[in-house]
>>> print(open('final_31.pdb').read())   # PDB, C-alpha atoms and all ligand atoms
ATOM      1  CA  MET A  25      16.500   6.824   0.777  1.00  0.00           C
ATOM      2  CA  PRO A  26      14.617   9.362  -1.274  1.00  0.00           C
ATOM      3  CA  GLY A  27      12.094   8.183  -3.794  1.00  0.00           C
ATOM      4  CA  GLU A  28      12.692   8.190  -7.497  1.00  0.00           C
ATOM      5  CA  PRO A  29      12.460  11.596  -9.083  1.00  0.00           C
ATOM      6  CA  GLY A  30       9.229  12.140 -10.913  1.00  0.00           C
ATOM      7  CA  ARG A  31       5.780  11.657  -9.562  1.00  0.00           C
ATOM      8  CA  ARG A  32       5.566  13.292  -6.188  1.00  0.00           C
ATOM      9  CA  ASP A  33       3.022  15.379  -4.275  1.00  0.00           C
ATOM     10  CA  ALA A  34       4.552  17.673  -1.678  1.00  0.00           C
ATOM     11  CA  GLY A  35       1.438  17.525   0.512  1.00  0.00           C
ATOM     12  CA  CYS A  36       1.072  13.750   0.445  1.00  0.00           C
ATOM     13  CA  ILE A  37       1.699  11.855   3.668  1.00  0.00           C
ATOM     14  CA  PHE A  38       2.749   8.661   1.870  1.00  0.00           C
ATOM     15  CA  CYS A  39       5.174  10.571  -0.372  1.00  0.00           C
ATOM     16  CA  LYS A  40       6.721  11.945   2.825  1.00  0.00           C
ATOM     17  CA  ILE A  41       7.020   8.437   4.252  1.00  0.00           C
ATOM     18  CA  ALA A  42       8.411   6.996   1.005  1.00  0.00           C
ATOM     19  CA  GLY A  43      10.828   9.904   0.650  1.00  0.00           C
ATOM     20  CA  GLY A  44      12.083   9.667   4.234  1.00  0.00           C
ATOM     21  CA  GLU A  45      10.770  13.070   5.358  1.00  0.00           C
ATOM     22  CA  ILE A  46       8.683  11.231   7.938  1.00  0.00           C
ATOM     23  CA  PRO A  47      10.986   8.634   9.493  1.00  0.00           C
ATOM     24  CA  THR A  48       9.351   5.214   9.303  1.00  0.00           C
ATOM     25  CA  ALA A  49      10.784   1.741   9.771  1.00  0.00           C
ATOM     26  CA  PRO A  50       9.637   0.000   6.591  1.00  0.00           C
ATOM     27  CA  VAL A  51       8.614  -3.641   6.636  1.00  0.00           C
ATOM     28  CA  SER A  52      10.220  -3.971   3.209  1.00  0.00           C
ATOM     29  CA  ARG A  53      11.503  -1.662   0.548  1.00  0.00           C
ATOM     30  CA  SER A  54      12.786  -1.801  -3.001  1.00  0.00           C
ATOM     31  CA  ALA A  55      13.646   1.005  -5.403  1.00  0.00           C
ATOM     32  CA  ARG A  56       9.983   1.397  -6.358  1.00  0.00           C
ATOM     33  CA  VAL A  57       7.840  -0.197  -3.630  1.00  0.00           C
ATOM     34  CA  ILE A  58       7.679   0.244   0.139  1.00  0.00           C
ATOM     35  CA  ALA A  59       5.668  -1.635   2.767  1.00  0.00           C
ATOM     36  CA  ILE A  60       4.815  -0.106   6.143  1.00  0.00           C
ATOM     37  CA  GLU A  61       2.673  -0.934   9.159  1.00  0.00           C
ATOM     38  CA  ASP A  62      -0.756   0.701   9.130  1.00  0.00           C
ATOM     39  CA  PHE A  63      -0.933   3.022  12.140  1.00  0.00           C
ATOM     40  CA  ASN A  64      -4.551   2.070  12.809  1.00  0.00           C
ATOM     41  CA  PRO A  65      -4.466  -1.701  12.319  1.00  0.00           C
ATOM     42  CA  GLN A  66      -7.721  -3.502  11.531  1.00  0.00           C
ATOM     43  CA  ALA A  67      -6.227  -6.973  12.026  1.00  0.00           C
ATOM     44  CA  PRO A  68      -3.256  -8.459  13.938  1.00  0.00           C
ATOM     45  CA  THR A  69      -1.240  -7.871  10.753  1.00  0.00           C
ATOM     46  CA  HIS A  70      -2.221  -4.807   8.724  1.00  0.00           C
ATOM     47  CA  LEU A  71       0.399  -3.629   6.247  1.00  0.00           C
ATOM     48  CA  LEU A  72       0.288  -1.038   3.478  1.00  0.00           C
ATOM     49  CA  VAL A  73       2.197  -1.621   0.235  1.00  0.00           C
ATOM     50  CA  LEU A  74       2.704   1.515  -1.832  1.00  0.00           C
ATOM     51  CA  PRO A  75       4.667   2.790  -4.784  1.00  0.00           C
ATOM     52  CA  VAL A  76       7.454   5.235  -3.965  1.00  0.00           C
ATOM     53  CA  GLU A  77       6.130   7.433  -6.743  1.00  0.00           C
ATOM     54  CA  HIS A  78       2.841   9.249  -6.331  1.00  0.00           C
ATOM     55  CA  TYR A  79      -0.114   7.669  -8.132  1.00  0.00           C
ATOM     56  CA  PRO A  80      -3.329   8.951  -6.543  1.00  0.00           C
ATOM     57  CA  THR A  81      -5.387   5.842  -7.331  1.00  0.00           C
ATOM     58  CA  LEU A  82      -5.197   2.421  -8.931  1.00  0.00           C
ATOM     59  CA  GLY A  83      -6.744   3.951 -12.045  1.00  0.00           C
ATOM     60  CA  ASP A  84      -3.913   6.462 -12.344  1.00  0.00           C
ATOM     61  CA  LEU A  85      -1.304   3.698 -12.333  1.00  0.00           C
ATOM     62  CA  SER A  86      -3.369   1.732 -14.835  1.00  0.00           C
ATOM     63  CA  ASP A  87      -3.532   4.817 -17.060  1.00  0.00           C
ATOM     64  CA  ALA A  88       0.245   5.180 -16.804  1.00  0.00           C
ATOM     65  CA  GLY A  89       0.574   1.679 -18.245  1.00  0.00           C
ATOM     66  CA  ASP A  90       3.281   0.565 -15.819  1.00  0.00           C
ATOM     67  CA  ALA A  91       2.348  -3.095 -15.513  1.00  0.00           C
ATOM     68  CA  THR A  92       5.781  -3.842 -14.055  1.00  0.00           C
ATOM     69  CA  LEU A  93       5.107  -1.586 -11.082  1.00  0.00           C
ATOM     70  CA  LEU A  94       1.594  -2.983 -10.707  1.00  0.00           C
ATOM     71  CA  GLY A  95       3.096  -6.464 -10.668  1.00  0.00           C
ATOM     72  CA  GLU A  96       5.692  -5.553  -8.086  1.00  0.00           C
ATOM     73  CA  LEU A  97       3.028  -4.081  -5.812  1.00  0.00           C
ATOM     74  CA  PHE A  98       0.979  -7.277  -6.001  1.00  0.00           C
ATOM     75  CA  ASP A  99       3.999  -9.554  -5.637  1.00  0.00           C
ATOM     76  CA  THR A 100       5.132  -7.665  -2.549  1.00  0.00           C
ATOM     77  CA  ALA A 101       1.675  -7.741  -0.990  1.00  0.00           C
ATOM     78  CA  THR A 102       1.286 -11.448  -1.765  1.00  0.00           C
ATOM     79  CA  GLN A 103       4.647 -12.381  -0.307  1.00  0.00           C
ATOM     80  CA  LEU A 104       4.000 -10.403   2.861  1.00  0.00           C
ATOM     81  CA  GLY A 105       0.522 -11.925   3.161  1.00  0.00           C
ATOM     82  CA  ARG A 106       2.003 -15.404   2.872  1.00  0.00           C
ATOM     83  CA  GLU A 107       4.782 -14.681   5.348  1.00  0.00           C
ATOM     84  CA  ARG A 108       2.415 -13.230   7.916  1.00  0.00           C
ATOM     85  CA  GLY A 109      -0.676 -15.316   7.250  1.00  0.00           C
ATOM     86  CA  GLY A 110       0.896 -18.709   6.754  1.00  0.00           C
ATOM     87  CA  SER A 111      -1.591 -21.413   5.837  1.00  0.00           C
ATOM     88  CA  GLY A 112      -4.437 -19.313   7.236  1.00  0.00           C
ATOM     89  CA  GLY A 113      -4.416 -16.992   4.248  1.00  0.00           C
ATOM     90  CA  PHE A 114      -4.718 -13.243   3.991  1.00  0.00           C
ATOM     91  CA  ARG A 115      -6.676 -10.443   2.316  1.00  0.00           C
ATOM     92  CA  ILE A 116      -5.470  -7.753  -0.091  1.00  0.00           C
ATOM     93  CA  VAL A 117      -7.669  -4.657  -0.412  1.00  0.00           C
ATOM     94  CA  ILE A 118      -7.343  -1.604  -2.656  1.00  0.00           C
ATOM     95  CA  ASN A 119      -9.863   1.094  -1.793  1.00  0.00           C
ATOM     96  CA  THR A 120     -10.297   3.358  -4.804  1.00  0.00           C
ATOM     97  CA  GLY A 121     -11.977   6.756  -4.810  1.00  0.00           C
ATOM     98  CA  THR A 122     -14.622   8.121  -2.477  1.00  0.00           C
ATOM     99  CA  GLN A 123     -17.175   5.375  -3.015  1.00  0.00           C
ATOM    100  CA  GLY A 124     -14.397   2.827  -2.700  1.00  0.00           C
ATOM    101  CA  GLY A 125     -13.543   4.117   0.764  1.00  0.00           C
ATOM    102  CA  GLN A 126     -10.137   5.575  -0.091  1.00  0.00           C
ATOM    103  CA  THR A 127      -8.984   8.150   2.463  1.00  0.00           C
ATOM    104  CA  VAL A 128      -5.321   8.643   1.512  1.00  0.00           C
ATOM    105  CA  GLY A 129      -4.809   9.771  -2.086  1.00  0.00           C
ATOM    106  CA  HIS A 130      -1.651   7.791  -2.810  1.00  0.00           C
ATOM    107  CA  LEU A 131      -2.222   4.278  -4.141  1.00  0.00           C
ATOM    108  CA  HIS A 132      -1.747   1.585  -1.520  1.00  0.00           C
ATOM    109  CA  LEU A 133      -2.600  -2.078  -1.046  1.00  0.00           C
ATOM    110  CA  HIS A 134      -3.814  -3.194   2.372  1.00  0.00           C
ATOM    111  CA  VAL A 135      -2.532  -6.599   3.485  1.00  0.00           C
ATOM    112  CA  LEU A 136      -4.617  -7.987   6.336  1.00  0.00           C
ATOM    113  CA  THR A 137      -4.205 -11.265   8.182  1.00  0.00           C
ATOM    114  CA  GLY A 138      -4.213 -12.878  11.603  1.00  0.00           C
ATOM    115  CA  ARG A 139      -7.958 -13.143  12.088  1.00  0.00           C
ATOM    116  CA  PRO A 140     -10.919 -14.555  10.153  1.00  0.00           C
ATOM    117  CA  MET A 141     -12.241 -12.061   7.602  1.00  0.00           C
ATOM    118  CA  THR A 142     -15.902 -11.564   6.833  1.00  0.00           C
ATOM    119  CA  TRP A 143     -17.718 -10.867   3.591  1.00  0.00           C
ATOM    120  CA  PRO A 144     -19.233  -8.621   2.313  1.00  0.00           C
ATOM    121  CA  PRO A 145     -17.031  -5.746   3.517  1.00  0.00           C
ATOM    122  CA  GLY A 146     -18.765  -2.689   4.895  1.00  0.00           C
TER     123      GLY A 146
HETATM  124  P1  LIG A 201      -7.584   3.988   2.718  1.00  0.00           P
HETATM  125  O1  LIG A 201      -8.778   4.346   3.551  1.00  0.00           O
HETATM  126  O2  LIG A 201      -7.752   2.748   1.907  1.00  0.00           O
HETATM  127  O3  LIG A 201      -7.123   5.178   1.917  1.00  0.00           O
HETATM  128  O4  LIG A 201      -6.447   3.609   3.744  1.00  0.00           O
HETATM  129  C1  LIG A 201      -5.600   4.551   4.331  1.00  0.00           C
HETATM  130  C2  LIG A 201      -4.885   3.814   5.447  1.00  0.00           C
HETATM  131  O5  LIG A 201      -3.722   4.520   5.752  1.00  0.00           O
HETATM  132  C3  LIG A 201      -5.716   3.697   6.717  1.00  0.00           C
HETATM  133  O6  LIG A 201      -5.824   2.317   7.074  1.00  0.00           O
HETATM  134  C4  LIG A 201      -4.898   4.492   7.738  1.00  0.00           C
HETATM  135  O7  LIG A 201      -4.940   3.906   9.020  1.00  0.00           O
HETATM  136  C5  LIG A 201      -3.514   4.448   7.141  1.00  0.00           C
HETATM  137  N1  LIG A 201      -2.625   5.565   7.441  1.00  0.00           N
HETATM  138  C6  LIG A 201      -2.882   6.894   7.252  1.00  0.00           C
HETATM  139  N2  LIG A 201      -1.810   7.638   7.590  1.00  0.00           N
HETATM  140  C7  LIG A 201      -0.844   6.755   7.968  1.00  0.00           C
HETATM  141  C8  LIG A 201       0.493   6.904   8.436  1.00  0.00           C
HETATM  142  N3  LIG A 201       1.062   8.116   8.578  1.00  0.00           N
HETATM  143  N4  LIG A 201       1.182   5.793   8.751  1.00  0.00           N
HETATM  144  C9  LIG A 201       0.611   4.576   8.628  1.00  0.00           C
HETATM  145  N5  LIG A 201      -0.637   4.359   8.194  1.00  0.00           N
HETATM  146  C10 LIG A 201      -1.358   5.441   7.874  1.00  0.00           C
HETATM  147 ZN    ZN A 202       1.986  10.539  -2.579  1.00  0.00          ZN
END
>>> encode(input="final_31.pdb", output="structure tokens")
Amino acid sequence: MPGEPGRRDAGCIFCKIAGGEIPTAPVSRSARVIAIEDFNPQAPTHLLVLPVEHYPTLGDLSDAGDATLLGELFDTATQLGRERGGSGGFRIVINTGTQGGQTVGHLHLHVLTGRPMTWPPG
């Protein structure tokens, strides 16, 4: 299913996944939010929850003022974390910008569970 018209970056790998150009079996999908398996998992469960539309960073979505989309992203990540993590819990991470460790410039939430997490992160 193609993404909503609007925000899209032709060179963006996650836009290609969300738009179906790169075939991917999503873990879950709604009209505006898709969850996929991370291809380099850092925990037994490592999912990525992303908007179908292209927002480069968390700040860009905040600037756009779409609190409904922000809420759906967090709800989706939380529900998947609960489903996969059970009573053991889970971690949600949003790397933002270079100093924040972001490597793919399309907003995404990491959902990690299945092993004990440490703090502080690297
Ligand atoms: P970040 O460093 O927070 O931007 O996270 C980017 C994440 O996307 C990394 O954990 C990568 O392993 C993951 N990733 C990059 N390309 C793909 C892809 N084509 N399919 C699934 N996961 C990907
Ligand atoms: Zn994108």
>>> resolve_selection(input="final_31.pdb", expression="the PyMOL selection byres (((not hetatm)) within 8 of (chain A and resi 202))", output="list in words")
Arg32, Asp33, Ala34, Gly35, Cys36, Ile37, Phe38, Cys39, Lys40, Val76, Glu77, His78, Tyr79, Pro80, Gly129, His130 and Leu131 of chain A
>>> axis_aligned_box(input="final_31.pdb", around="ligand LIG 201 (chain A)", padding_each_side="5 Å", output="lines of an AutoDock Vina configuration file")
center_x = -3.8
center_y = 5.2
center_z = 5.5
size_x = 20.0
size_y = 15.8
size_z = 17.1
>>> closest_residue(input="final_31.pdb", among="A:Glu96, A:Asp84, A:Asp90, A:Glu107", to="Arg53 of chain A", atoms="all atoms listed in the file")
A:Glu96
>>> atom_distance(input="final_31.pdb", atom1="atom O4 of ligand LIG 201 (chain A)", atom2="atom CA of Asp62 of chain A")
8.4 Å
>>> closest_residue(input="final_31.pdb", among="A:Thr81, A:Thr102, A:Ser86, A:Arg56", to="Thr127 of chain A", atoms="all atoms listed in the file")
A:Thr81
>>> residues_near_ligand(input="final_31.pdb", ligand="ligand LIG 201 (chain A)", cutoff="9 Å", atoms="all atoms listed in the file", output="PyMOL selection string")
chain A and resi 37-38+40-41+46+48+60-66+70-72+117-121+124-134
>>> atom_distance(input="final_31.pdb", atom1="atom CA of Ile58 of chain A", atom2="atom CA of Gly138 of chain A")
21.1 Å
>>> resolve_selection(input="final_31.pdb", expression="the PyMOL selection byres (((chain A and resi 114) around 12) and not hetatm)", output="number ranges by chain")
A: 67-71, 101-113, 115-117, 134-142
>>> atom_distance(input="final_31.pdb", atom1="atom CA of Ala91 of chain A", atom2="atom CA of Gly43 of chain A")
22.4 Å
>>> closest_residue(input="final_31.pdb", among="A:Ser52, A:Gln123, A:Val57, A:Pro47", to="Leu74 of chain A", atoms="all atoms listed in the file")
A:Val57
>>> closest_residue(input="final_31.pdb", among="A:Gly146, A:Gly30, A:Ala42, A:Ala59", to="Thr100 of chain A", atoms="all atoms listed in the file")
A:Ala59
